[in-house]
$ cat structure_30.csv   # CSV, C-alpha atoms and all ligand atoms
chain,number,residue,atom,x,y,z
A,1,MET,CA,4.4,17.4,-21.3
A,2,GLY,CA,7.2,19.7,-20.2
A,3,ASN,CA,10.3,18.5,-18.4
A,4,VAL,CA,8.9,19.4,-14.9
A,5,LEU,CA,5.6,17.7,-14.3
A,6,ARG,CA,3.1,19.8,-12.5
A,7,PHE,CA,0.7,18.1,-10.1
A,8,ALA,CA,-1.9,18.8,-7.4
A,9,ILE,CA,-2.4,16.9,-4.2
A,10,LEU,CA,-6.0,16.2,-3.3
A,11,GLY,CA,-6.2,15.6,0.5
A,12,THR,CA,-3.9,17.1,3.2
A,13,GLY,CA,-4.1,14.6,6.0
A,14,PHE,CA,-1.4,12.6,7.9
A,15,TRP,CA,0.0,10.7,4.9
A,16,SER,CA,0.1,13.7,2.5
A,17,ARG,CA,3.1,15.2,4.2
A,18,PHE,CA,5.1,12.1,3.7
A,19,GLN,CA,4.1,11.7,0.1
A,20,LEU,CA,5.0,15.3,-0.6
A,21,GLY,CA,8.3,14.8,1.2
A,22,ALA,CA,9.0,11.8,-1.1
A,23,TRP,CA,8.0,13.8,-4.2
A,24,GLN,CA,10.8,16.3,-3.2
A,25,GLU,CA,13.2,13.3,-3.6
A,26,VAL,CA,11.9,12.5,-7.1
A,27,LYS,CA,13.3,14.8,-9.8
A,28,ASP,CA,11.4,17.2,-12.0
A,29,VAL,CA,7.9,17.2,-10.3
A,30,GLU,CA,6.3,20.2,-8.7
A,31,CYS,CA,3.2,20.4,-6.6
A,32,ILE,CA,1.5,23.6,-7.6
A,33,ALA,CA,-1.9,23.3,-5.8
A,34,VAL,CA,-3.6,21.5,-3.0
A,35,TYR,CA,-7.2,20.7,-2.2
A,36,ASN,CA,-8.8,19.8,1.1
A,37,ARG,CA,-12.5,20.0,1.9
A,38,THR,CA,-11.5,21.9,5.0
A,39,ARG,CA,-9.8,24.9,3.6
A,40,SER,CA,-7.9,25.9,6.7
A,41,LYS,CA,-6.2,22.5,6.7
A,42,ALA,CA,-5.2,22.9,3.1
A,43,GLU,CA,-3.9,26.4,3.9
A,44,VAL,CA,-1.7,25.1,6.8
A,45,PHE,CA,-0.3,22.4,4.5
A,46,ALA,CA,0.4,24.8,1.6
A,47,SER,CA,2.1,27.3,3.8
A,48,ASP,CA,4.3,24.6,5.5
A,49,PHE,CA,5.4,23.4,2.1
A,50,GLY,CA,5.4,26.6,0.1
A,51,ILE,CA,2.6,25.5,-2.3
A,52,PRO,CA,1.1,28.6,-4.1
A,53,THR,CA,-2.6,27.7,-4.4
A,54,VAL,CA,-5.2,26.3,-2.2
A,55,TYR,CA,-8.7,25.0,-3.0
A,56,ASP,CA,-11.7,23.6,-1.1
A,57,ASP,CA,-13.4,22.5,-4.4
A,58,PRO,CA,-11.5,19.9,-6.4
A,59,LYS,CA,-13.4,20.7,-9.6
A,60,LYS,CA,-12.4,24.3,-9.4
A,61,LEU,CA,-8.8,23.2,-8.9
A,62,LEU,CA,-8.9,21.1,-12.0
A,63,GLU,CA,-10.6,23.8,-14.1
A,64,SER,CA,-8.1,26.5,-13.0
A,65,GLU,CA,-4.7,24.8,-12.9
A,66,ARG,CA,-2.6,23.4,-15.8
A,67,LEU,CA,-1.6,20.0,-14.5
A,68,ASP,CA,0.2,16.9,-15.7
A,69,PHE,CA,-1.2,14.5,-13.1
A,70,VAL,CA,-3.0,14.4,-9.8
A,71,ASP,CA,-2.1,12.6,-6.6
A,72,ILE,CA,-5.2,11.6,-4.5
A,73,ILE,CA,-4.4,11.2,-0.8
A,74,THR,CA,-7.9,11.5,0.7
A,75,GLY,CA,-10.0,9.0,2.7
A,76,VAL,CA,-11.0,5.9,0.8
A,77,GLU,CA,-14.7,6.9,0.6
A,78,SER,CA,-13.9,9.8,-1.7
A,79,HIS,CA,-11.5,8.0,-4.1
A,80,GLU,CA,-14.1,7.0,-6.7
A,81,ASP,CA,-15.5,10.6,-7.1
A,82,LEU,CA,-12.1,12.2,-7.3
A,83,VAL,CA,-10.6,9.6,-9.7
A,84,GLY,CA,-13.7,10.1,-11.8
A,85,LEU,CA,-13.2,13.8,-11.8
A,86,ALA,CA,-9.5,13.6,-12.8
A,87,ALA,CA,-10.5,11.1,-15.5
A,88,ALA,CA,-13.1,13.6,-16.8
A,89,PHE,CA,-10.3,16.2,-17.1
A,90,GLY,CA,-8.1,13.6,-19.0
A,91,LEU,CA,-5.4,13.6,-16.3
A,92,PRO,CA,-3.2,10.7,-15.3
A,93,VAL,CA,-4.2,9.9,-11.7
A,94,ILE,CA,-2.4,8.4,-8.7
A,95,CYS,CA,-4.7,7.1,-6.0
A,96,GLN,CA,-3.8,6.1,-2.5
A,97,LYS,CA,-4.4,2.6,-1.4
A,98,PRO,CA,-6.8,1.0,-0.5
A,99,MET,CA,-8.2,1.8,-3.9
A,100,ALA,CA,-11.9,1.8,-2.9
A,101,PRO,CA,-14.2,0.9,0.0
A,102,SER,CA,-15.8,-2.0,-2.1
A,103,LEU,CA,-14.7,-4.2,-5.0
A,104,ALA,CA,-17.6,-2.9,-7.1
A,105,ALA,CA,-16.3,0.7,-6.6
A,106,ALA,CA,-12.7,-0.4,-7.5
A,107,GLU,CA,-14.0,-2.1,-10.7
A,108,ARG,CA,-15.9,1.1,-11.7
A,109,MET,CA,-12.8,3.2,-11.1
A,110,VAL,CA,-10.6,1.0,-13.3
A,111,ALA,CA,-13.3,0.9,-16.0
A,112,GLU,CA,-13.9,4.7,-15.9
A,113,CYS,CA,-10.2,5.4,-16.4
A,114,HIS,CA,-10.0,2.9,-19.3
A,115,LEU,CA,-13.0,4.6,-20.9
A,116,ALA,CA,-11.5,8.0,-20.5
A,117,GLY,CA,-8.1,6.8,-21.8
A,118,VAL,CA,-6.3,8.0,-18.7
A,119,PRO,CA,-3.7,5.9,-16.8
A,120,LEU,CA,-4.7,5.0,-13.2
A,121,PHE,CA,-1.9,4.2,-10.8
A,122,ILE,CA,-2.3,3.0,-7.2
A,123,HIS,CA,0.0,4.3,-4.6
A,124,GLU,CA,0.9,0.9,-3.1
A,125,ASN,CA,4.3,1.4,-1.4
A,126,TRP,CA,4.8,-1.7,0.8
A,127,ARG,CA,6.4,-3.9,-1.9
A,128,TRP,CA,9.0,-1.2,-2.3
A,129,GLN,CA,10.5,-1.6,1.2
A,130,ALA,CA,14.2,-2.3,1.0
A,131,PRO,CA,14.2,-5.7,2.8
A,132,ILE,CA,11.2,-6.9,0.7
A,133,ARG,CA,13.0,-6.0,-2.5
A,134,SER,CA,16.0,-7.8,-1.3
A,135,ILE,CA,14.0,-11.0,-0.6
A,136,SER,CA,12.4,-10.7,-4.0
A,137,LYS,CA,15.8,-10.6,-5.7
A,138,VAL,CA,16.9,-13.8,-3.7
A,139,LEU,CA,13.7,-15.6,-4.9
A,140,ALA,CA,14.1,-14.4,-8.5
A,141,GLU,CA,17.7,-15.5,-8.6
A,142,GLY,CA,16.6,-19.0,-7.6
A,143,VAL,CA,19.0,-19.0,-4.6
A,144,ILE,CA,16.6,-21.1,-2.4
A,145,GLY,CA,15.2,-23.1,-5.4
A,146,LYS,CA,11.5,-23.3,-5.9
A,147,PRO,CA,9.6,-21.9,-3.0
A,148,PHE,CA,6.8,-24.1,-1.6
A,149,ARG,CA,5.7,-22.4,1.6
A,150,ALA,CA,5.9,-18.9,3.1
A,151,ARG,CA,4.7,-16.9,6.1
A,152,ILE,CA,4.2,-13.2,5.9
A,153,ASP,CA,3.7,-11.6,9.3
A,154,MET,CA,2.8,-8.1,10.4
A,155,ILE,CA,1.8,-8.4,14.0
A,156,SER,CA,2.1,-5.2,15.9
A,157,GLY,CA,1.1,-3.5,19.1
A,158,PHE,CA,1.9,-0.1,17.6
A,159,PRO,CA,-0.8,2.5,18.4
A,160,VAL,CA,-1.8,3.1,14.8
A,161,PHE,CA,-5.0,5.0,15.8
A,162,LYS,CA,-3.0,7.8,17.4
A,163,ASN,CA,-1.8,9.2,14.0
A,164,GLN,CA,-4.7,7.8,12.0
A,165,PRO,CA,-7.8,8.1,14.2
A,166,PHE,CA,-10.2,7.5,11.2
A,167,LEU,CA,-9.0,3.9,11.2
A,168,ARG,CA,-11.1,3.3,14.3
A,169,GLU,CA,-14.2,4.1,12.2
A,170,LEU,CA,-13.6,1.6,9.4
A,171,ARG,CA,-16.1,-1.2,9.3
A,172,HIS,CA,-13.5,-3.1,7.3
A,173,PHE,CA,-10.2,-2.3,9.0
A,174,ILE,CA,-7.1,-4.5,9.0
A,175,LEU,CA,-7.7,-6.4,5.8
A,176,THR,CA,-8.2,-3.1,3.9
A,177,ASP,CA,-5.6,-1.0,5.6
A,178,LEU,CA,-2.8,-3.5,6.1
A,179,GLY,CA,-4.2,-6.5,4.2
A,180,SER,CA,-4.0,-4.4,1.0
A,181,HIS,CA,-0.3,-4.2,1.6
A,182,ILE,CA,0.4,-7.7,2.8
A,183,LEU,CA,-1.7,-9.4,0.1
A,184,ASP,CA,0.0,-7.2,-2.5
A,185,VAL,CA,3.4,-8.4,-1.2
A,186,ALA,CA,2.2,-12.0,-1.4
A,187,ARG,CA,1.3,-11.4,-5.1
A,188,PHE,CA,4.5,-9.5,-5.7
A,189,LEU,CA,6.7,-12.4,-4.3
A,190,PHE,CA,4.7,-15.5,-5.2
A,191,GLY,CA,2.3,-14.5,-8.0
A,192,GLU,CA,-1.5,-15.0,-8.3
A,193,SER,CA,-3.5,-17.4,-6.1
A,194,ASN,CA,-6.1,-19.9,-6.9
A,195,SER,CA,-7.7,-20.4,-3.5
A,196,LEU,CA,-7.9,-18.5,-0.2
A,197,TYR,CA,-9.2,-19.0,3.3
A,198,CYS,CA,-9.5,-16.3,5.9
A,199,GLN,CA,-10.4,-15.8,9.6
A,200,HIS,CA,-10.6,-12.4,11.3
A,201,GLN,CA,-11.4,-11.0,14.7
A,202,ARG,CA,-12.1,-7.7,16.4
A,203,MET,CA,-10.0,-7.7,19.6
A,204,GLN,CA,-10.6,-4.1,20.7
A,205,ASP,CA,-13.9,-2.6,21.8
A,206,ASN,CA,-13.2,1.0,20.8
A,207,ILE,CA,-12.9,0.3,17.0
A,208,LYS,CA,-15.5,-0.7,14.4
A,209,GLY,CA,-13.7,-3.2,12.3
A,210,GLU,CA,-11.5,-6.3,12.6
A,211,ASN,CA,-8.0,-5.8,13.9
A,212,VAL,CA,-6.6,-9.3,13.6
A,213,ALA,CA,-6.7,-11.5,10.5
A,214,THR,CA,-5.1,-14.6,9.0
A,215,VAL,CA,-5.3,-15.4,5.3
A,216,MET,CA,-4.0,-18.6,3.7
A,217,LEU,CA,-3.4,-18.6,0.0
A,218,LYS,CA,-2.5,-21.3,-2.4
A,219,THR,CA,-0.7,-19.8,-5.4
A,220,GLU,CA,-0.8,-20.9,-9.1
A,221,SER,CA,2.8,-22.1,-8.7
A,222,ASN,CA,1.8,-24.2,-5.7
A,223,VAL,CA,3.2,-22.0,-2.8
A,224,THR,CA,1.2,-22.1,0.4
A,225,VAL,CA,1.3,-18.6,1.8
A,226,LEU,CA,0.1,-17.8,5.3
A,227,CYS,CA,-0.4,-14.0,6.0
A,228,GLU,CA,-0.8,-13.1,9.7
A,229,MET,CA,-1.8,-9.5,10.6
A,230,ALA,CA,-2.6,-7.7,13.9
A,231,TYR,CA,-2.9,-4.2,15.1
A,232,ALA,CA,-4.1,-5.3,18.5
A,233,GLU,CA,-2.2,-2.9,20.8
A,234,ASN,CA,-1.2,-6.2,22.4
A,235,TYR,CA,1.9,-7.1,24.4
A,236,LEU,CA,4.9,-8.2,22.3
A,237,GLU,CA,8.4,-8.7,23.7
A,238,ARG,CA,9.8,-7.1,20.6
A,239,GLU,CA,7.8,-4.5,18.7
A,240,CYS,CA,8.9,-4.4,15.1
A,241,PHE,CA,6.5,-1.9,13.6
A,242,PRO,CA,6.4,-1.3,10.7
A,243,GLN,CA,8.4,-4.3,9.7
A,244,THR,CA,7.0,-7.2,7.8
A,245,LEU,CA,8.6,-10.5,8.9
A,246,LEU,CA,8.9,-13.2,6.3
A,247,PHE,CA,9.9,-16.9,6.2
A,248,VAL,CA,10.1,-18.6,2.8
A,249,GLU,CA,10.9,-22.3,2.4
A,250,GLY,CA,12.3,-23.5,-0.9
A,251,ASP,CA,13.4,-26.9,-2.2
A,252,ARG,CA,17.1,-25.7,-1.9
A,253,GLY,CA,17.0,-23.4,1.0
A,254,SER,CA,15.1,-20.8,3.0
A,255,ALA,CA,15.0,-17.0,3.2
A,256,GLU,CA,13.9,-14.9,6.1
A,257,LEU,CA,13.3,-11.3,7.0
A,258,THR,CA,13.9,-10.9,10.7
A,259,PRO,CA,13.8,-8.0,13.2
A,260,ASP,CA,16.1,-5.0,12.6
A,261,TYR,CA,15.9,-5.4,8.8
A,262,TRP,CA,18.0,-8.6,8.7
A,263,VAL,CA,17.7,-10.8,5.6
A,264,ARG,CA,19.0,-14.3,6.2
A,265,VAL,CA,19.4,-16.9,3.5
A,266,THR,CA,20.2,-20.5,4.3
A,267,THR,CA,21.3,-23.1,1.8
A,268,ASP,CA,23.7,-26.0,1.9
A,269,ALA,CA,26.5,-23.4,1.8
A,270,GLY,CA,25.4,-22.2,5.3
A,271,THR,CA,23.6,-19.0,6.3
A,272,HIS,CA,24.3,-15.7,4.7
A,273,ALA,CA,22.9,-12.6,6.5
A,274,TRP,CA,22.8,-9.0,5.6
A,275,ARG,CA,21.0,-5.9,6.9
A,276,CYS,CA,18.6,-3.8,4.7
A,277,PRO,CA,17.8,-0.7,6.8
A,278,PRO,CA,15.7,2.0,5.1
A,279,SER,CA,17.1,5.3,4.0
A,280,ARG,CA,16.6,8.0,6.5
A,281,TYR,CA,14.9,11.2,5.2
A,282,SER,CA,14.5,14.4,7.2
A,283,TRP,CA,10.8,14.6,6.3
A,284,ALA,CA,10.0,11.1,7.5
A,285,ASP,CA,8.6,10.2,10.9
A,286,PRO,CA,11.3,8.0,12.5
A,287,ALA,CA,8.7,5.6,13.8
A,288,TYR,CA,7.6,4.9,10.2
A,289,ASP,CA,11.1,5.1,8.5
A,290,LEU,CA,10.7,1.8,6.6
A,291,VAL,CA,7.3,2.7,5.2
A,292,HIS,CA,8.1,6.4,4.5
A,293,ALA,CA,11.3,5.5,2.7
A,294,SER,CA,9.5,3.0,0.5
A,295,ILE,CA,7.3,5.9,-0.8
A,296,VAL,CA,10.3,7.3,-2.7
A,297,PRO,CA,10.9,4.3,-5.1
A,298,CYS,CA,7.1,3.8,-5.4
A,299,GLN,CA,6.6,7.3,-6.6
A,300,ALA,CA,9.7,7.2,-8.8
A,301,ASN,CA,8.2,4.1,-10.5
A,302,LEU,CA,4.8,5.8,-10.9
A,303,ILE,CA,6.2,9.0,-12.3
A,304,ALA,CA,8.4,7.1,-14.8
A,305,ALA,CA,5.1,5.5,-16.0
A,306,VAL,CA,3.4,8.9,-16.2
A,307,ARG,CA,6.3,10.1,-18.4
A,308,GLY,CA,5.9,6.9,-20.5
A,309,ASP,CA,9.5,5.8,-19.6
A,310,GLN,CA,8.8,2.6,-17.7
A,311,ALA,CA,5.8,0.4,-16.8
A,312,ALA,CA,4.3,1.0,-13.4
A,313,GLU,CA,4.1,-2.0,-11.1
A,314,THR,CA,1.0,-0.9,-9.3
A,315,THR,CA,-1.4,0.2,-12.0
A,316,GLY,CA,-5.2,0.2,-11.4
A,317,ASP,CA,-5.5,-3.1,-13.3
A,318,ASP,CA,-2.8,-4.7,-11.2
A,319,ASN,CA,-4.1,-3.4,-7.9
A,320,LEU,CA,-7.6,-4.6,-8.7
A,321,LYS,CA,-6.2,-8.1,-8.2
A,322,THR,CA,-5.1,-7.2,-4.7
A,323,VAL,CA,-8.5,-5.6,-4.0
A,324,ARG,CA,-10.1,-8.8,-5.2
A,325,LEU,CA,-8.0,-10.8,-2.7
A,326,VAL,CA,-9.0,-8.4,0.1
A,327,PHE,CA,-12.7,-8.8,-0.5
A,328,ALA,CA,-12.4,-12.5,-1.2
A,329,ALA,CA,-10.8,-12.7,2.3
A,330,TYR,CA,-13.9,-10.9,3.8
A,331,ALA,CA,-16.2,-13.2,2.0
A,332,SER,CA,-14.3,-16.3,3.1
A,333,ALA,CA,-14.3,-15.2,6.8
A,334,GLU,CA,-18.1,-14.3,6.6
A,335,SER,CA,-19.0,-17.7,5.2
A,336,ASP,CA,-16.1,-19.7,6.8
A,337,ALA,CA,-15.4,-21.1,3.4
A,338,VAL,CA,-12.6,-21.5,0.9
A,339,MET,CA,-12.8,-19.1,-2.0
A,340,ARG,CA,-11.7,-20.0,-5.5
A,341,ARG,CA,-10.5,-17.8,-8.3
A,342,GLU,CA,-12.4,-18.1,-11.6
A,343,GLN,CA,-10.9,-17.8,-15.1
A,344,ASP,CA,-12.0,-14.1,-15.3
A,345,GLY,CA,-10.2,-13.3,-12.0
A,346,ARG,CA,-13.3,-13.1,-9.9
A,347,TRP,CA,-13.5,-15.0,-6.6
A,348,ILE,CA,-16.4,-17.2,-5.7
B,401,LIG,O1,0.7,2.3,5.4
B,401,LIG,C1,-0.4,2.3,5.9
B,401,LIG,O2,-1.4,1.8,5.2
B,401,LIG,C2,-0.7,2.7,7.3
B,401,LIG,C3,-0.2,1.8,8.4
B,401,LIG,C4,1.3,1.5,8.2
B,401,LIG,C5,-0.4,2.3,9.7
B,401,LIG,O3,-0.9,0.6,8.2
B,401,LIG,O4,-2.1,2.9,7.5

$ encode --input "structure_30.csv" --output "structure tokens" --more "lines below"
Ligand code: 89V
Amino acid sequence: MGNVLRFAILGTGFWSRFQLGAWQEVKDVECIAVYNRTRSKAEVFASDFGIPTVYDDPKKLLESERLDFVDIITGVESHEDLVGLAAAFGLPVICQKPMAPSLAAAERMVAECHLAGVPLFIHENWRWQAPIRSISKVLAEGVIGKPFRARIDMISGFPVFKNQPFLRELRHFILTDLGSHILDVARFLFGESNSLYCQHQRMQDNIKGENVATVMLKTESNVTVLCEMAYAENYLERECFPQTLLFVEGDRGSAELTPDYWVRVTTDAGTHAWRCPPSRYSWADPAYDLVHASIVPCQANLIAAVRGDQAAETTGDDNLKTVRLVFAAYASAESDAVMRREQDGRWI
């Protein structure tokens, strides 16, 4: 590979603009082509960002362009085919979360990339948010001792369907769209879980899937983690979108993420508080600053792995564990039962 890595973006919807904006912050990568099934959309995107070539056939793109990796930012239902195509061309592939519309599809994608010998990375940015990284450092340094219980909340009345109308059509909504992030944060902060219980509800008529969910996890290291999620367009005194609020209890203190990016750590020395606001980028939508800013370190980590300089945090293998949690949560809610993780990582 040369110094500048050449890549193509597959999919030019709402999120692609921000991922491309973030790629501009990461050194030595160049987007040289874009694909969208609706050619006119790809053309608008390419002209906005000065990308030289446009395709409405992903195979033609891969046949015609000399690439170092591809970045798939299409709807979830096309991920498996496009990842398979990139793997057939021997290209490292970054795929947007959620990895796949079913656990079986995610397993096939991971297996196919292994078979082809190409690295698969999942674009899972939530854990890269500045306040979440700050909390993870507090936990790793043992400041609050051994954590025994945590609450991870993302309860919002933000009108998510305005910018992402396709979310209304998902039969599996909040646990795949937001649960993928929140359950990944639970894994990132507290490790793998052994048991899980979930309840979910659909609290809006004009959407297909559930928009409220609660998942309770028991981790291998004995932390009880309660994850509460809602995109309910409900009435909240203080809207914090897109902040994740957190409360962790340890045997020597507690740590919190509170509104306006405040981290607060309480030990017998008192409460120490500091703010972790996101970086502001001109290409980011101010309503999503925290999320959009987290794309930059996420992509920096993935590209370092494409170069072979550093391990990626969110490989296909790693993210499969998050996907398993998401679908174990659906299975739990459907059967109103506690799910348990087997030795091989599957949930029953
Ligand atoms: O990041 C995402 O997955 C977005 C949103 C923040 C709206 O959940 O879909």

$ residues_near_ligand --input "structure_30.csv" --ligand "ligand LIG 401 (chain B)" --cutoff "8 Å" --atoms "all atoms listed in the file" --output "MDAnalysis selection string"
chainID A and resid 97:98 125:126 160 164 167 177:178 180:181 242 288 291

$ closest_residue --input "structure_30.csv" --among "A:Phe158, A:Tyr261, A:Tyr55, A:Tyr197" --to "Ala328 of chain A" --atoms "only C-alpha atoms"
A:Tyr197

$ closest_residue --input "structure_30.csv" --among "A:Phe89, A:Asn319, A:Ser78, A:Ala329" --to "Glu107 of chain A" --atoms "only C-alpha atoms"
A:Asn319

$ residues_near_point --input "structure_30.csv" --point "(-9.9, 10.9, -24.4)" --cutoff "12 Å" --atoms "all atoms listed in the file" --output "CSV table (one decimal) with C-alpha atoms, keeping the file's coordinate frame"
chain,number,residue,atom,x,y,z
A,86,ALA,CA,-9.5,13.6,-12.8
A,87,ALA,CA,-10.5,11.1,-15.5
A,88,ALA,CA,-13.1,13.6,-16.8
A,89,PHE,CA,-10.3,16.2,-17.1
A,90,GLY,CA,-8.1,13.6,-19.0
A,91,LEU,CA,-5.4,13.6,-16.3
A,92,PRO,CA,-3.2,10.7,-15.3
A,112,GLU,CA,-13.9,4.7,-15.9
A,113,CYS,CA,-10.2,5.4,-16.4
A,114,HIS,CA,-10.0,2.9,-19.3
A,115,LEU,CA,-13.0,4.6,-20.9
A,116,ALA,CA,-11.5,8.0,-20.5
A,117,GLY,CA,-8.1,6.8,-21.8
A,118,VAL,CA,-6.3,8.0,-18.7
A,119,PRO,CA,-3.7,5.9,-16.8

$ residues_around --input "structure_30.csv" --residues "Lys321 of chain A" --least-positions-apart "5" --cutoff "12 Å" --atoms "all atoms listed in the file" --output "number ranges by chain"
A: 98-99, 103, 106-107, 110, 122, 180, 183-188, 191-194, 314-316, 326-328, 341, 344-347

$ write_last_selection --input "structure_30.csv" --atoms "C-alpha atoms" --output "PDB file, in the coordinates of the input"
ATOM      1  CA  PRO A  98      -6.800   1.000  -0.500  1.00  0.00           C
ATOM      2  CA  MET A  99      -8.200   1.800  -3.900  1.00  0.00           C
ATOM      3  CA  LEU A 103     -14.700  -4.200  -5.000  1.00  0.00           C
ATOM      4  CA  ALA A 106     -12.700  -0.400  -7.500  1.00  0.00           C
ATOM      5  CA  GLU A 107     -14.000  -2.100 -10.700  1.00  0.00           C
ATOM      6  CA  VAL A 110     -10.600   1.000 -13.300  1.00  0.00           C
ATOM      7  CA  ILE A 122      -2.300   3.000  -7.200  1.00  0.00           C
ATOM      8  CA  SER A 180      -4.000  -4.400   1.000  1.00  0.00           C
ATOM      9  CA  LEU A 183      -1.700  -9.400   0.100  1.00  0.00           C
ATOM     10  CA  ASP A 184       0.000  -7.200  -2.500  1.00  0.00           C
ATOM     11  CA  VAL A 185       3.400  -8.400  -1.200  1.00  0.00           C
ATOM     12  CA  ALA A 186       2.200 -12.000  -1.400  1.00  0.00           C
ATOM     13  CA  ARG A 187       1.300 -11.400  -5.100  1.00  0.00           C
ATOM     14  CA  PHE A 188       4.500  -9.500  -5.700  1.00  0.00           C
ATOM     15  CA  GLY A 191       2.300 -14.500  -8.000  1.00  0.00           C
ATOM     16  CA  GLU A 192      -1.500 -15.000  -8.300  1.00  0.00           C
ATOM     17  CA  SER A 193      -3.500 -17.400  -6.100  1.00  0.00           C
ATOM     18  CA  ASN A 194      -6.100 -19.900  -6.900  1.00  0.00           C
ATOM     19  CA  THR A 314       1.000  -0.900  -9.300  1.00  0.00           C
ATOM     20  CA  THR A 315      -1.400   0.200 -12.000  1.00  0.00           C
ATOM     21  CA  GLY A 316      -5.200   0.200 -11.400  1.00  0.00           C
ATOM     22  CA  VAL A 326      -9.000  -8.400   0.100  1.00  0.00           C
ATOM     23  CA  PHE A 327     -12.700  -8.800  -0.500  1.00  0.00           C
ATOM     24  CA  ALA A 328     -12.400 -12.500  -1.200  1.00  0.00           C
ATOM     25  CA  ARG A 341     -10.500 -17.800  -8.300  1.00  0.00           C
ATOM     26  CA  ASP A 344     -12.000 -14.100 -15.300  1.00  0.00           C
ATOM     27  CA  GLY A 345     -10.200 -13.300 -12.000  1.00  0.00           C
ATOM     28  CA  ARG A 346     -13.300 -13.100  -9.900  1.00  0.00           C
ATOM     29  CA  TRP A 347     -13.500 -15.000  -6.600  1.00  0.00           C
TER      30      TRP A 347
END

$ atom_distance --input "structure_30.csv" --atom1 "atom CA of Leu246 of chain A" --atom2 "atom CA of Ala333 of chain A"
23.3 Å

$ decode --input "structure_30.csv" --residues "segment 323-335 of chain A" --atoms "N, CA, C and O atoms" --output "PDB file, in the first residue's frame"
ATOM      1  N   VAL A 323     -23.624  -7.805  18.406  1.00  0.00           N
ATOM      2  CA  VAL A 323     -24.803  -8.243  17.629  1.00  0.00           C
ATOM      3  C   VAL A 323     -25.503  -9.386  18.373  1.00  0.00           C
ATOM      4  O   VAL A 323     -26.736  -9.441  18.435  1.00  0.00           O
ATOM      5  N   ARG A 324     -24.709 -10.272  18.966  1.00  0.00           N
ATOM      6  CA  ARG A 324     -25.314 -11.383  19.720  1.00  0.00           C
ATOM      7  C   ARG A 324     -26.126 -10.871  20.901  1.00  0.00           C
ATOM      8  O   ARG A 324     -27.206 -11.393  21.204  1.00  0.00           O
ATOM      9  N   LEU A 325     -25.616  -9.829  21.560  1.00  0.00           N
ATOM     10  CA  LEU A 325     -26.375  -9.241  22.682  1.00  0.00           C
ATOM     11  C   LEU A 325     -27.690  -8.649  22.186  1.00  0.00           C
ATOM     12  O   LEU A 325     -28.737  -8.802  22.823  1.00  0.00           O
ATOM     13  N   VAL A 326     -27.630  -7.959  21.037  1.00  0.00           N
ATOM     14  CA  VAL A 326     -28.846  -7.318  20.492  1.00  0.00           C
ATOM     15  C   VAL A 326     -29.911  -8.386  20.230  1.00  0.00           C
ATOM     16  O   VAL A 326     -31.073  -8.237  20.644  1.00  0.00           O
ATOM     17  N   PHE A 327     -29.518  -9.460  19.568  1.00  0.00           N
ATOM     18  CA  PHE A 327     -30.539 -10.466  19.222  1.00  0.00           C
ATOM     19  C   PHE A 327     -30.928 -11.331  20.419  1.00  0.00           C
ATOM     20  O   PHE A 327     -32.055 -11.828  20.486  1.00  0.00           O
ATOM     21  N   ALA A 328     -30.018 -11.464  21.385  1.00  0.00           N
ATOM     22  CA  ALA A 328     -30.414 -12.132  22.637  1.00  0.00           C
ATOM     23  C   ALA A 328     -31.461 -11.275  23.352  1.00  0.00           C
ATOM     24  O   ALA A 328     -32.396 -11.798  23.971  1.00  0.00           O
ATOM     25  N   ALA A 329     -31.327  -9.954  23.240  1.00  0.00           N
ATOM     26  CA  ALA A 329     -32.305  -9.049  23.868  1.00  0.00           C
ATOM     27  C   ALA A 329     -33.683  -9.243  23.227  1.00  0.00           C
ATOM     28  O   ALA A 329     -34.704  -9.325  23.930  1.00  0.00           O
ATOM     29  N   TYR A 330     -33.733  -9.338  21.883  1.00  0.00           N
ATOM     30  CA  TYR A 330     -35.034  -9.590  21.236  1.00  0.00           C
ATOM     31  C   TYR A 330     -35.602 -10.934  21.685  1.00  0.00           C
ATOM     32  O   TYR A 330     -36.795 -11.049  21.980  1.00  0.00           O
ATOM     33  N   ALA A 331     -34.745 -11.942  21.744  1.00  0.00           N
ATOM     34  CA  ALA A 331     -35.231 -13.283  22.131  1.00  0.00           C
ATOM     35  C   ALA A 331     -35.754 -13.257  23.564  1.00  0.00           C
ATOM     36  O   ALA A 331     -36.781 -13.871  23.878  1.00  0.00           O
ATOM     37  N   SER A 332     -35.071 -12.532  24.420  1.00  0.00           N
ATOM     38  CA  SER A 332     -35.504 -12.439  25.818  1.00  0.00           C
ATOM     39  C   SER A 332     -36.876 -11.764  25.904  1.00  0.00           C
ATOM     40  O   SER A 332     -37.785 -12.247  26.585  1.00  0.00           O
ATOM     41  N   ALA A 333     -37.024 -10.640  25.187  1.00  0.00           N
ATOM     42  CA  ALA A 333     -38.296  -9.902  25.244  1.00  0.00           C
ATOM     43  C   ALA A 333     -39.435 -10.748  24.683  1.00  0.00           C
ATOM     44  O   ALA A 333     -40.544 -10.755  25.237  1.00  0.00           O
ATOM     45  N   GLU A 334     -39.138 -11.480  23.586  1.00  0.00           N
ATOM     46  CA  GLU A 334     -40.205 -12.284  22.962  1.00  0.00           C
ATOM     47  C   GLU A 334     -40.673 -13.406  23.879  1.00  0.00           C
ATOM     48  O   GLU A 334     -41.846 -13.741  23.925  1.00  0.00           O
ATOM     49  N   SER A 335     -39.726 -13.996  24.626  1.00  0.00           N
ATOM     50  CA  SER A 335     -40.101 -15.149  25.460  1.00  0.00           C
ATOM     51  C   SER A 335     -40.261 -14.757  26.925  1.00  0.00           C
ATOM     52  O   SER A 335     -40.581 -15.602  27.758  1.00  0.00           O
TER      53      SER A 335
END
